[in-house]
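A short worksheet on the structure shown next.
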Protein chains: 2
Amino acid sequence: MENVDSAIRKNRTANATITLTHNGSPIIHHDILVQQKNHQFLFGSNWGESTIALLNGELSGQEKEQAELRNEHFLNLFNQVTLPFYWARFEPQRGHPQTHRILNVARWYAEHGCTVKGHPLCWHTLTADWLLSMSNQEILQAQVERIQRDVFEFAGVIDQWDVINEAVIMPVFDRYENGITRLCKELGRINLIRRMFDTARATNPKATLLLNDFDVSPAYDILVEGCLQAGIQIDVIGIQSHMHQGYWGSERTLRVLERFERFNLPIHFTENTIVSGTLMPPEIIDLNDYQVQDWPTTPEGEKRQAQELVSHYKTLLAHPAVQAITWWDLSDGGWLNAPAGLLRRDQSCKPAYAELLKLVKGEWWYPPTHLTTDAIGQFTFSGFLGEYELSLEDRKILFPLDGKGEATILVDI
Amino acid sequence: MENVDSAIRKNRTANATITLTHNGSPIIHHDILVQQKNHQFLFGSNWGESTIALLNGELSGQEKEQAELRNEHFLNLFNQVTLPFYWARFEPQRGHPQTHRILNVARWYAEHGCTVKGHPLCWHTLTADWLLSMSNQEILQAQVERIQRDVFEFAGVIDQWDVINEAVIMPVFDRYENGITRLCKELGRINLIRRMFDTARATNPKATLLLNDFDVSPAYDILVEGCLQAGIQIDVIGIQSHMHQGYWGSERTLRVLERFERFNLPIHFTENTIVSGTLMPPEIIDLNDYQVQDWPTTPEGEKRQAQELVSHYKTLLAHPAVQAITWWDLSDGGWLNAPAGLLRRDQSCKPAYAELLKLVKGEWWYPPTHLTTDAIGQFTFSGFLGEYELSLEDRKILFPLDGKGEATILVDI
């Protein structure tokens, strides 16, 4: 782990030389307090249904307490959240979207310092079933209008979107009939992607737009290449890594990264799962086929999960292209009923939560530190990239550390 | 097979109404003889090393007789041949290509009515090992010049090329270091494909240019889509189907076709293999890993091969996009030492050869037929698309049947 740790420091920290002034005059030989307030790197997780209910005032009693506990654990660790825009659930009846309900949640996360991402704008799974009776032209129109409406109404709160989910499989998806597969089959993947990205971009030019996929075979990097060659502006490559069948290991992870780093685009690991119970059998191809009543977390599983999580996060942070890791799900019993959480069903913390917290707010975090400016008003420190607060007596000022390596910063207080 | 047979007739035959004239005047109530001379569909096979040696005067005695027998069987059945341009063998020493030797063979096939295809112009496997010491820029230059030289020198004899072979795997191929993988990794697949196609096109604007791959996963159809979206003119999609591990069956074949037919481009099945012996074990991923001393053809294997071959050819001929099927290899003991031949090692015919001949020159062939023109000089017949000869007493004239369905043709003799 020595190499990986030094690679993390190399790619994620700055050696800052700060000159502190007051109205342009250096503040010399003065005690100050410096502390990190946020990470540049996005450490995220996905929404919880209980959080959505809580923030819409739908919970009481123990349910409310549990949801509050979950939120507390969330905010202690994470600075990014992914919120659900599955069309089937977001707008089960055409013309009646859950905008208000999700906006309450998005605002709450934003007010608590989290970058909020919407997931996804276009996907064949969980798409609206009322598309099925439409012609392809009408489906395209409805899909475009859905993007225009949602990207517009959430702009400023949600400025990060998984625009298309799983385009590799989209036109050949054959588990059930749906309007988006039909549309993609007619348009082709690249034409559909272009239309969706163009629509989202025109609606919110400030948004960060992702292409997201679970397929990490050459099919996906060939698709990215095709999109870029066709002139589609993809801001971020999203890679899912649902490891219900076992941790990839750093070697496989690096092989995947190797195929995508050539595009010189940021990479987000958008959906990361490592279970703390029995592994899903390897012969399952579509994870959704694995339906179990009970899938318990186990002590030995939790120990393994914690070790693997540390290896996974370190592998990714050591790679300069990766800018975000989103855990999926925060608490046990979410997708597939899996023990995928960093929290158990009772919202108590597993070892994986503790280990990740030790990294994110420990090893990779610059704690409150007393320093003194020198004879020309300068002080130096090394810290992880992110937002910092400088306190001088009762005055506080924020400044960013946003470029790795040597940094020279002027702070006027 | 009833549906498939009627689909073949629908897609591959014309109902022709011919008006026969002499200097513009109808030739009425006259006996004529009509016979098919060639198929529009390309029924092909690959070169044999013995044929190359034979046509360059390098054989004698029994070897010569065997090679001549092989050629006889070839010409009785096929109208297309694929010739080898593997760079490592074609130009083992830089500046000393085997142009003369291969040109002798190409001309012989062309003179015997075969369409000749060169295979391949750019491939990571069997590429020249002297590329390895070069920079990527020098490799690109050498690869471009190789295409310019060979496409130019063979133009008029070889006007059909597998321009790129196996681009899906090309940049991630890791079995051994080679210059083309290195180049492809730097340029990306689409940029490399564009450069190779543009070079071949500029050198021989009449040539039919194929992209060819063994990968029939979505990765390949996504690559084709990316190339087309990037404006690369691909004339034909080439699909390999080396079925050493067992016949795909018509259902899988149709699923593959379904993914490629959407491009509205002709499809060639470029490398078709069904063995008449033990199947290669399913766990082998790279067929080249299966190295056996002895892999005999067996009576029961030959029976199965014949049945599967018939199903394979019928499935493909029933699909309107398919324009060529190339068998790989014609005789046993070629690639992988496999019993893949339609001929045994002694060049005797297996049942598969006999069955294919019954189709190509029997069920799908219009034999010499005596007909009589009517009171306005017309006669009608139904035949497979291709070239036909009309004989009237001692005069002969060729005419094409080149569009399916109803055809009205004027033949002036």
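To be explicit about the labels: the chains of the structure tokens are called A, B, and onward in the order shown, and within each one the residues are counted from 1, while ligands get numbers from 1 in the order they are shown.
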Compile a residue-level contact table for chain B against chain A at a cut-off of 7 Å, reporting for every qualifying residue the shortest atom pair and its distance in Å to one decimal, with only C-alpha atoms counted, rows ordered by chain and ascending number, as JSON lines.
```
{"residue": "B:Pro218", "atom": "CA", "partner": "A:Ala219", "partner_atom": "CA", "distance": 6.1}
{"residue": "B:Ala219", "atom": "CA", "partner": "A:Ala219", "partner_atom": "CA", "distance": 3.7}
{"residue": "B:Ile222", "atom": "CA", "partner": "A:Leu223", "partner_atom": "CA", "distance": 5.9}
{"residue": "B:Leu223", "atom": "CA", "partner": "A:Ile222", "partner_atom": "CA", "distance": 5.9}
{"residue": "B:Gly226", "atom": "CA", "partner": "A:Gly226", "partner_atom": "CA", "distance": 3.9}
{"residue": "B:Cys227", "atom": "CA", "partner": "A:Gly226", "partner_atom": "CA", "distance": 6.9}
{"residue": "B:Gln229", "atom": "CA", "partner": "A:Ala230", "partner_atom": "CA", "distance": 5.8}
{"residue": "B:Ala230", "atom": "CA", "partner": "A:Ala230", "partner_atom": "CA", "distance": 5.4}
```
Output C-alpha atoms of each residue in that selection to a file, as an mmCIF file, in the first residue's frame.
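The resulting selection33.cif:
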```cif
data_model
loop_
_atom_site.group_PDB
_atom_site.id
_atom_site.type_symbol
_atom_site.label_atom_id
_atom_site.label_comp_id
_atom_site.auth_asym_id
_atom_site.auth_seq_id
_atom_site.Cartn_x
_atom_site.Cartn_y
_atom_site.Cartn_z
ATOM 1 C CA PRO B 218 -22.161 -5.396 -28.906
ATOM 2 C CA ALA B 219 -18.589 -4.076 -28.857
ATOM 3 C CA ILE B 222 -20.941 -0.186 -31.404
ATOM 4 C CA LEU B 223 -17.592 0.173 -33.188
ATOM 5 C CA GLY B 226 -18.952 4.874 -34.139
ATOM 6 C CA CYS B 227 -17.090 4.579 -37.460
ATOM 7 C CA GLN B 229 -21.038 8.355 -37.238
ATOM 8 C CA ALA B 230 -17.463 9.564 -37.674
#
```
Got a sec to align chain A on chain B by every in-order Cα pair and hand back the fitted coordinates as a short mmCIF file (atom, residue, chain, number, x, y, z; two decimals) with C-alpha atoms, in the first residue's frame?
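Result file is result02.cif:
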```cif
data_model
loop_
_atom_site.label_atom_id
_atom_site.label_comp_id
_atom_site.auth_asym_id
_atom_site.auth_seq_id
_atom_site.Cartn_x
_atom_site.Cartn_y
_atom_site.Cartn_z
CA MET A 1 -36.60 -25.43 -43.42
CA GLU A 2 -39.64 -24.52 -45.50
CA ASN A 3 -39.64 -20.90 -44.42
CA VAL A 4 -35.93 -20.56 -44.91
CA ASP A 5 -36.10 -22.06 -48.38
CA SER A 6 -38.86 -19.72 -49.44
CA ALA A 7 -36.96 -16.77 -47.95
CA ILE A 8 -33.94 -17.80 -50.00
CA ARG A 9 -35.99 -17.90 -53.17
CA LYS A 10 -37.56 -14.56 -52.31
CA ASN A 11 -34.25 -12.84 -51.66
CA ARG A 12 -32.01 -14.57 -54.16
CA THR A 13 -34.03 -15.18 -57.34
CA ALA A 14 -35.66 -13.20 -60.10
CA ASN A 15 -38.64 -13.95 -62.30
CA ALA A 16 -37.22 -12.78 -65.58
CA THR A 17 -39.11 -11.82 -68.69
CA ILE A 18 -36.59 -11.67 -71.52
CA THR A 19 -37.26 -10.09 -74.89
CA LEU A 20 -34.84 -11.47 -77.45
CA THR A 21 -34.10 -9.35 -80.48
CA HIS A 22 -31.73 -9.26 -83.42
CA ASN A 23 -30.86 -5.76 -84.54
CA GLY A 24 -33.96 -4.62 -82.70
CA SER A 25 -36.36 -7.12 -84.31
CA PRO A 26 -37.90 -9.78 -82.07
CA ILE A 27 -36.73 -13.33 -82.61
CA ILE A 28 -40.01 -15.20 -82.45
CA HIS A 29 -40.84 -18.87 -81.95
CA HIS A 30 -37.21 -19.81 -81.71
CA ASP A 31 -35.49 -22.48 -79.62
CA ILE A 32 -32.81 -21.22 -77.25
CA LEU A 33 -30.65 -22.61 -74.46
CA VAL A 34 -30.33 -20.73 -71.16
CA GLN A 35 -27.91 -21.65 -68.42
CA GLN A 36 -26.48 -20.03 -65.31
CA LYS A 37 -22.74 -19.31 -65.47
CA ASN A 38 -22.09 -17.71 -62.08
CA HIS A 39 -23.74 -16.71 -58.82
CA GLN A 40 -24.16 -13.10 -57.74
CA PHE A 41 -23.74 -14.39 -54.20
CA LEU A 42 -20.11 -14.97 -53.29
CA PHE A 43 -19.43 -18.55 -52.26
CA GLY A 44 -15.80 -18.51 -51.25
CA SER A 45 -12.99 -20.23 -49.48
CA ASN A 46 -9.50 -19.25 -48.45
CA TRP A 47 -6.22 -19.92 -50.21
CA GLY A 48 -4.29 -23.13 -49.68
CA GLU A 49 -0.55 -23.06 -49.22
CA SER A 50 -0.35 -25.86 -51.76
CA THR A 51 -2.18 -23.75 -54.31
CA ILE A 52 0.24 -20.90 -53.84
CA ALA A 53 3.14 -23.31 -54.30
CA LEU A 54 1.48 -24.99 -57.29
CA LEU A 55 0.77 -21.78 -59.15
CA ASN A 56 4.35 -20.67 -58.60
CA GLY A 57 5.67 -23.89 -60.11
CA GLU A 58 7.10 -25.19 -56.86
CA LEU A 59 5.39 -28.60 -56.76
CA SER A 60 5.89 -31.89 -58.49
CA GLY A 61 4.76 -35.50 -58.28
CA GLN A 62 2.04 -36.41 -55.83
CA GLU A 63 2.11 -33.02 -54.14
CA LYS A 64 1.36 -31.42 -57.50
CA GLU A 65 -1.46 -33.86 -58.20
CA GLN A 66 -3.02 -33.25 -54.80
CA ALA A 67 -2.85 -29.49 -55.26
CA GLU A 68 -4.42 -29.79 -58.70
CA LEU A 69 -7.19 -31.93 -57.27
CA ARG A 70 -7.79 -29.33 -54.59
CA ASN A 71 -8.01 -26.60 -57.24
CA GLU A 72 -10.45 -28.64 -59.25
CA HIS A 73 -12.73 -29.04 -56.24
CA PHE A 74 -12.33 -25.35 -55.50
CA LEU A 75 -13.43 -24.17 -58.92
CA ASN A 76 -16.34 -26.61 -59.11
CA LEU A 77 -17.89 -25.01 -56.06
CA PHE A 78 -16.59 -21.52 -55.38
CA ASN A 79 -16.56 -18.12 -57.05
CA GLN A 80 -14.62 -16.19 -54.43
CA VAL A 81 -11.23 -16.63 -52.80
CA THR A 82 -9.49 -14.95 -49.90
CA LEU A 83 -5.71 -14.58 -50.30
CA PRO A 84 -3.23 -14.02 -47.47
CA PHE A 85 -1.54 -10.67 -46.90
CA TYR A 86 -0.38 -11.27 -43.30
CA TRP A 87 2.38 -8.73 -43.09
CA ALA A 88 4.81 -10.98 -41.21
CA ARG A 89 4.69 -13.49 -44.06
CA PHE A 90 4.07 -11.15 -46.97
CA GLU A 91 7.06 -8.98 -46.16
CA PRO A 92 9.19 -10.85 -43.64
CA GLN A 93 12.15 -8.68 -44.54
CA ARG A 94 11.34 -5.02 -45.01
CA GLY A 95 11.39 -4.04 -48.66
CA HIS A 96 11.08 -7.60 -49.97
CA PRO A 97 7.35 -8.29 -50.30
CA GLN A 98 5.98 -11.49 -51.84
CA THR A 99 4.05 -9.45 -54.41
CA HIS A 100 5.01 -11.53 -57.43
CA ARG A 101 4.25 -14.84 -55.77
CA ILE A 102 0.78 -13.80 -54.56
CA LEU A 103 -0.03 -11.94 -57.77
CA ASN A 104 0.44 -15.17 -59.72
CA VAL A 105 -2.18 -16.79 -57.53
CA ALA A 106 -4.57 -13.84 -57.58
CA ARG A 107 -4.47 -13.72 -61.39
CA TRP A 108 -5.10 -17.43 -61.68
CA TYR A 109 -8.20 -17.21 -59.51
CA ALA A 110 -9.44 -14.11 -61.34
CA GLU A 111 -8.94 -15.83 -64.71
CA HIS A 112 -11.02 -18.71 -63.38
CA GLY A 113 -13.96 -16.48 -62.56
CA CYS A 114 -13.34 -15.87 -58.89
CA THR A 115 -13.67 -12.60 -57.04
CA VAL A 116 -10.40 -12.23 -55.14
CA LYS A 117 -10.16 -10.67 -51.68
CA GLY A 118 -6.97 -9.66 -49.86
CA HIS A 119 -6.81 -10.38 -46.13
CA PRO A 120 -5.85 -8.29 -44.17
CA LEU A 121 -4.15 -4.94 -44.70
CA CYS A 122 -3.90 -4.04 -41.03
CA TRP A 123 -3.91 -6.52 -38.14
CA HIS A 124 -2.00 -6.81 -34.88
CA THR A 125 -1.57 -10.59 -35.19
CA LEU A 126 1.03 -11.71 -37.73
CA THR A 127 2.10 -8.14 -38.32
CA ALA A 128 5.71 -7.44 -39.30
CA ASP A 129 8.00 -7.86 -36.32
CA TRP A 130 10.34 -5.22 -37.70
CA LEU A 131 7.75 -2.61 -36.70
CA LEU A 132 8.65 -3.17 -33.07
CA SER A 133 11.79 -1.06 -33.13
CA MET A 134 9.97 1.91 -34.66
CA SER A 135 8.23 4.89 -33.12
CA ASN A 136 4.46 4.99 -33.46
CA GLN A 137 4.75 7.71 -36.09
CA GLU A 138 7.08 5.50 -38.12
CA ILE A 139 4.77 2.49 -37.72
CA LEU A 140 1.85 4.54 -39.01
CA GLN A 141 3.92 5.70 -41.96
CA ALA A 142 5.03 2.13 -42.77
CA GLN A 143 1.46 0.83 -42.45
CA VAL A 144 0.09 3.54 -44.74
CA GLU A 145 2.83 2.90 -47.31
CA ARG A 146 2.21 -0.84 -47.15
CA ILE A 147 -1.46 -0.26 -47.99
CA GLN A 148 -0.62 2.17 -50.78
CA ARG A 149 1.85 -0.28 -52.31
CA ASP A 150 -0.21 -3.47 -52.08
CA VAL A 151 -3.62 -2.04 -52.92
CA PHE A 152 -2.03 -0.31 -55.94
CA GLU A 153 -0.08 -3.30 -57.21
CA PHE A 154 -3.02 -5.69 -56.95
CA ALA A 155 -5.70 -3.27 -58.23
CA GLY A 156 -7.79 -4.76 -61.02
CA VAL A 157 -7.06 -8.27 -59.77
CA ILE A 158 -7.86 -7.72 -56.11
CA ASP A 159 -10.56 -5.11 -55.65
CA GLN A 160 -11.86 -6.39 -52.31
CA TRP A 161 -9.94 -5.99 -49.06
CA ASP A 162 -10.28 -6.79 -45.40
CA VAL A 163 -8.82 -3.41 -44.49
CA ILE A 164 -8.73 -3.91 -40.73
CA ASN A 165 -8.95 -7.19 -38.92
CA GLU A 166 -10.15 -7.43 -35.33
CA ALA A 167 -10.10 -3.79 -34.31
CA VAL A 168 -12.23 -4.50 -31.22
CA ILE A 169 -9.39 -6.33 -29.51
CA MET A 170 -6.58 -4.52 -31.30
CA PRO A 171 -5.54 -1.93 -28.67
CA VAL A 172 -6.00 -4.30 -25.71
CA PHE A 173 -4.40 -7.37 -27.28
CA ASP A 174 -1.84 -8.52 -24.69
CA ARG A 175 -0.51 -11.89 -25.84
CA TYR A 176 2.66 -10.40 -27.25
CA GLU A 177 4.05 -6.97 -28.00
CA ASN A 178 3.47 -5.72 -31.52
CA GLY A 179 3.60 -2.44 -33.37
CA ILE A 180 -0.04 -2.29 -34.46
CA THR A 181 -1.47 -2.72 -30.96
CA ARG A 182 0.87 0.02 -29.78
CA LEU A 183 -0.23 2.30 -32.63
CA CYS A 184 -3.93 1.59 -32.09
CA LYS A 185 -3.60 2.28 -28.38
CA GLU A 186 -2.24 5.72 -29.19
CA LEU A 187 -4.58 6.67 -32.05
CA GLY A 188 -7.72 4.95 -30.81
CA ARG A 189 -9.63 2.45 -32.90
CA ILE A 190 -11.70 4.89 -34.91
CA ASN A 191 -8.82 7.15 -35.89
CA LEU A 192 -6.79 4.16 -37.00
CA ILE A 193 -9.69 2.70 -38.97
CA ARG A 194 -10.31 6.04 -40.63
CA ARG A 195 -6.67 6.36 -41.70
CA MET A 196 -6.50 2.83 -43.09
CA PHE A 197 -9.80 3.08 -44.97
CA ASP A 198 -8.96 6.51 -46.36
CA THR A 199 -5.61 5.24 -47.58
CA ALA A 200 -7.05 2.15 -49.26
CA ARG A 201 -9.92 4.16 -50.79
CA ALA A 202 -7.62 6.81 -52.22
CA THR A 203 -5.36 4.14 -53.71
CA ASN A 204 -8.14 2.11 -55.32
CA PRO A 205 -11.45 3.99 -55.45
CA LYS A 206 -13.13 0.96 -57.05
CA ALA A 207 -12.26 -1.38 -54.21
CA THR A 208 -14.82 -2.87 -51.84
CA LEU A 209 -13.48 -2.25 -48.33
CA LEU A 210 -14.40 -4.39 -45.33
CA LEU A 211 -14.08 -4.03 -41.60
CA ASN A 212 -13.69 -7.59 -40.29
CA ASP A 213 -13.95 -8.99 -36.77
CA PHE A 214 -14.42 -12.19 -34.82
CA ASP A 215 -16.01 -10.26 -31.96
CA VAL A 216 -19.76 -10.42 -32.47
CA SER A 217 -20.62 -8.91 -29.10
CA PRO A 218 -22.17 -5.42 -28.86
CA ALA A 219 -18.59 -4.11 -28.84
CA TYR A 220 -18.37 -4.70 -32.58
CA ASP A 221 -21.68 -3.22 -33.60
CA ILE A 222 -20.94 -0.22 -31.37
CA LEU A 223 -17.60 0.15 -33.16
CA VAL A 224 -19.31 0.03 -36.56
CA GLU A 225 -21.79 2.64 -35.36
CA GLY A 226 -18.95 4.84 -34.12
CA CYS A 227 -17.11 4.57 -37.45
CA LEU A 228 -20.19 5.41 -39.48
CA GLN A 229 -21.06 8.33 -37.21
CA ALA A 230 -17.48 9.54 -37.65
CA GLY A 231 -18.07 9.53 -41.40
CA ILE A 232 -15.89 6.55 -42.31
CA GLN A 233 -17.19 4.83 -45.44
CA ILE A 234 -17.29 1.11 -44.70
CA ASP A 235 -18.54 -0.83 -47.72
CA VAL A 236 -19.13 -4.17 -46.06
CA ILE A 237 -19.32 -5.46 -42.50
CA GLY A 238 -17.22 -8.62 -42.20
CA ILE A 239 -18.17 -11.18 -39.56
CA GLN A 240 -15.99 -14.14 -38.69
CA SER A 241 -17.66 -17.29 -37.42
CA HIS A 242 -15.01 -19.82 -36.51
CA MET A 243 -17.22 -22.45 -34.91
CA HIS A 244 -14.54 -24.86 -33.72
CA GLN A 245 -16.46 -25.11 -30.46
CA GLY A 246 -19.73 -26.00 -32.13
CA TYR A 247 -22.18 -24.65 -34.67
CA TRP A 248 -23.89 -21.46 -33.51
CA GLY A 249 -27.27 -22.62 -34.71
CA SER A 250 -29.56 -20.46 -36.78
CA GLU A 251 -31.04 -18.70 -33.77
CA ARG A 252 -27.73 -17.27 -32.60
CA THR A 253 -26.76 -16.46 -36.17
CA LEU A 254 -29.98 -14.51 -36.62
CA ARG A 255 -29.39 -12.65 -33.35
CA VAL A 256 -25.98 -11.58 -34.63
CA LEU A 257 -27.45 -10.52 -37.97
CA GLU A 258 -30.16 -8.56 -36.18
CA ARG A 259 -27.56 -6.36 -34.54
CA PHE A 260 -25.77 -5.56 -37.78
CA GLU A 261 -28.63 -5.32 -40.28
CA ARG A 262 -29.62 -1.93 -38.86
CA PHE A 263 -26.66 -0.30 -40.63
CA ASN A 264 -28.14 -1.15 -44.04
CA LEU A 265 -24.73 -2.32 -45.23
CA PRO A 266 -23.89 -5.58 -46.94
CA ILE A 267 -22.62 -8.27 -44.59
CA HIS A 268 -19.98 -10.85 -45.50
CA PHE A 269 -19.50 -13.96 -43.40
CA THR A 270 -15.78 -13.90 -44.00
CA GLU A 271 -14.38 -16.89 -42.12
CA ASN A 272 -16.69 -19.83 -41.52
CA THR A 273 -15.56 -22.95 -39.76
CA ILE A 274 -17.45 -26.06 -38.68
CA VAL A 275 -15.24 -29.02 -37.80
CA SER A 276 -15.97 -32.64 -38.68
CA GLY A 277 -14.21 -34.03 -35.60
CA THR A 278 -14.25 -33.55 -31.83
CA LEU A 279 -15.33 -30.06 -30.83
CA MET A 280 -12.82 -27.74 -29.22
CA PRO A 281 -13.59 -27.55 -25.47
CA PRO A 282 -15.82 -24.61 -24.54
CA GLU A 283 -13.43 -23.23 -21.92
CA ILE A 284 -10.90 -22.18 -24.57
CA ILE A 285 -11.27 -18.44 -25.07
CA ASP A 286 -8.56 -17.70 -27.64
CA LEU A 287 -8.86 -20.47 -30.23
CA ASN A 288 -5.10 -20.20 -30.81
CA ASP A 289 -4.59 -21.68 -27.34
CA TYR A 290 -5.85 -25.04 -28.55
CA GLN A 291 -2.75 -26.76 -29.87
CA VAL A 292 -3.17 -30.41 -30.73
CA GLN A 293 -0.92 -32.82 -32.59
CA ASP A 294 -3.72 -34.75 -34.14
CA TRP A 295 -7.30 -33.69 -34.69
CA PRO A 296 -8.91 -36.31 -36.91
CA THR A 297 -12.04 -36.07 -39.00
CA THR A 298 -14.57 -38.78 -38.08
CA PRO A 299 -17.50 -40.34 -39.96
CA GLU A 300 -20.05 -39.13 -37.42
CA GLY A 301 -18.35 -35.73 -37.33
CA GLU A 302 -18.54 -35.45 -41.09
CA LYS A 303 -22.25 -36.24 -41.00
CA ARG A 304 -22.87 -33.58 -38.36
CA GLN A 305 -20.71 -31.06 -40.20
CA ALA A 306 -22.69 -31.58 -43.40
CA GLN A 307 -26.03 -31.03 -41.65
CA GLU A 308 -24.80 -27.96 -39.82
CA LEU A 309 -23.20 -26.51 -42.92
CA VAL A 310 -26.50 -26.76 -44.78
CA SER A 311 -28.34 -25.05 -41.93
CA HIS A 312 -25.65 -22.34 -41.75
CA TYR A 313 -25.66 -21.53 -45.47
CA LYS A 314 -29.44 -21.56 -45.66
CA THR A 315 -29.76 -19.28 -42.64
CA LEU A 316 -27.39 -16.81 -44.21
CA LEU A 317 -28.78 -16.92 -47.73
CA ALA A 318 -32.26 -16.34 -46.35
CA HIS A 319 -31.10 -13.01 -44.91
CA PRO A 320 -31.05 -10.29 -47.55
CA ALA A 321 -28.08 -8.40 -46.10
CA VAL A 322 -25.63 -11.28 -46.47
CA GLN A 323 -23.69 -11.22 -49.75
CA ALA A 324 -20.81 -13.63 -49.18
CA ILE A 325 -19.82 -16.73 -47.23
CA THR A 326 -16.18 -17.78 -47.15
CA TRP A 327 -15.28 -21.23 -45.87
CA TRP A 328 -12.13 -21.53 -43.73
CA ASP A 329 -10.22 -23.85 -44.62
CA LEU A 330 -11.12 -25.82 -47.72
CA SER A 331 -8.94 -28.82 -46.72
CA ASP A 332 -8.26 -30.40 -43.35
CA GLY A 333 -5.09 -29.58 -41.48
CA GLY A 334 -5.02 -25.83 -42.02
CA TRP A 335 -5.43 -23.36 -39.16
CA LEU A 336 -5.07 -25.05 -35.75
CA ASN A 337 -4.63 -28.36 -37.57
CA ALA A 338 -8.41 -28.60 -37.42
CA PRO A 339 -10.64 -30.98 -39.39
CA ALA A 340 -12.39 -27.88 -40.70
CA GLY A 341 -12.18 -28.81 -44.35
CA LEU A 342 -14.84 -29.68 -46.82
CA LEU A 343 -12.05 -31.86 -48.20
CA ARG A 344 -9.99 -34.36 -46.21
CA ARG A 345 -6.19 -34.23 -46.13
CA ASP A 346 -6.09 -36.41 -49.27
CA GLN A 347 -8.39 -33.85 -50.97
CA SER A 348 -11.26 -36.33 -51.11
CA CYS A 349 -14.69 -34.76 -50.60
CA LYS A 350 -16.51 -34.94 -47.29
CA PRO A 351 -20.31 -35.06 -47.19
CA ALA A 352 -20.31 -31.32 -46.42
CA TYR A 353 -18.66 -30.64 -49.78
CA ALA A 354 -21.22 -32.77 -51.57
CA GLU A 355 -24.12 -31.11 -49.76
CA LEU A 356 -22.87 -27.63 -50.47
CA LEU A 357 -22.29 -28.49 -54.11
CA LYS A 358 -25.85 -29.81 -54.31
CA LEU A 359 -27.08 -26.45 -53.13
CA VAL A 360 -24.74 -24.10 -54.98
CA LYS A 361 -24.78 -25.92 -58.31
CA GLY A 362 -28.07 -27.75 -57.82
CA GLU A 363 -30.94 -26.36 -55.78
CA TRP A 364 -29.70 -22.79 -56.18
CA TRP A 365 -28.56 -23.09 -59.78
CA TYR A 366 -30.34 -22.76 -63.09
CA PRO A 367 -29.15 -25.68 -65.23
CA PRO A 368 -28.93 -25.66 -69.07
CA THR A 369 -32.56 -25.40 -70.15
CA HIS A 370 -34.13 -25.38 -73.60
CA LEU A 371 -36.78 -22.69 -74.02
CA THR A 372 -38.71 -21.17 -76.89
CA THR A 373 -39.45 -17.52 -77.53
CA ASP A 374 -43.11 -16.63 -78.07
CA ALA A 375 -44.88 -14.62 -80.74
CA ILE A 376 -43.33 -11.36 -79.59
CA GLY A 377 -39.86 -12.79 -78.97
CA GLN A 378 -40.27 -13.22 -75.19
CA PHE A 379 -39.56 -16.04 -72.81
CA THR A 380 -39.69 -16.25 -69.04
CA PHE A 381 -37.77 -18.17 -66.42
CA SER A 382 -36.99 -18.00 -62.70
CA GLY A 383 -33.40 -18.27 -61.61
CA PHE A 384 -30.93 -17.41 -58.91
CA LEU A 385 -29.25 -14.03 -59.30
CA GLY A 386 -26.02 -14.19 -61.23
CA GLU A 387 -24.65 -14.34 -64.73
CA TYR A 388 -26.48 -16.27 -67.44
CA GLU A 389 -25.62 -17.48 -70.92
CA LEU A 390 -28.13 -17.59 -73.73
CA SER A 391 -27.31 -19.78 -76.76
CA LEU A 392 -29.10 -19.45 -80.06
CA GLU A 393 -27.73 -21.96 -82.53
CA ASP A 394 -23.98 -21.33 -82.41
CA ARG A 395 -24.19 -17.86 -80.93
CA LYS A 396 -23.83 -17.19 -77.23
CA ILE A 397 -24.50 -14.07 -75.20
CA LEU A 398 -24.12 -13.34 -71.49
CA PHE A 399 -26.65 -11.38 -69.49
CA PRO A 400 -27.00 -10.69 -65.79
CA LEU A 401 -29.88 -11.36 -63.44
CA ASP A 402 -28.97 -8.84 -60.80
CA GLY A 403 -32.12 -7.71 -59.02
CA LYS A 404 -34.47 -9.93 -57.07
CA GLY A 405 -38.15 -10.17 -57.92
CA GLU A 406 -39.70 -9.29 -61.28
CA ALA A 407 -37.16 -8.45 -63.97
CA THR A 408 -37.68 -7.28 -67.53
CA ILE A 409 -34.61 -7.69 -69.70
CA LEU A 410 -33.86 -6.94 -73.33
CA VAL A 411 -31.23 -9.14 -74.95
CA ASP A 412 -30.10 -8.18 -78.43
CA ILE A 413 -28.09 -10.86 -80.14
#
```
Enumerate as a list in words all residues of stretch 17-74 of chain A assigned to strand (DSSP E) by DSSP on the backbone, naming them with the chain letters and numbers the document uses. Thr17, Ile18, Thr19, Leu20, Thr21, His22, Ser25, Pro26, Asp31, Ile32, Leu33, Val34, Gln35, Gln36, Lys37, Asn38, His39, Leu42, Phe43, Gly44, Ser45 and Asn46 of chain A
All alpha helix (DSSP H) positions in stretch 157-394 of chain B, as a VMD selection string: chain B and resid 179 to 187 189 to 203 218 to 229 249 to 261 299 to 317 351 to 358
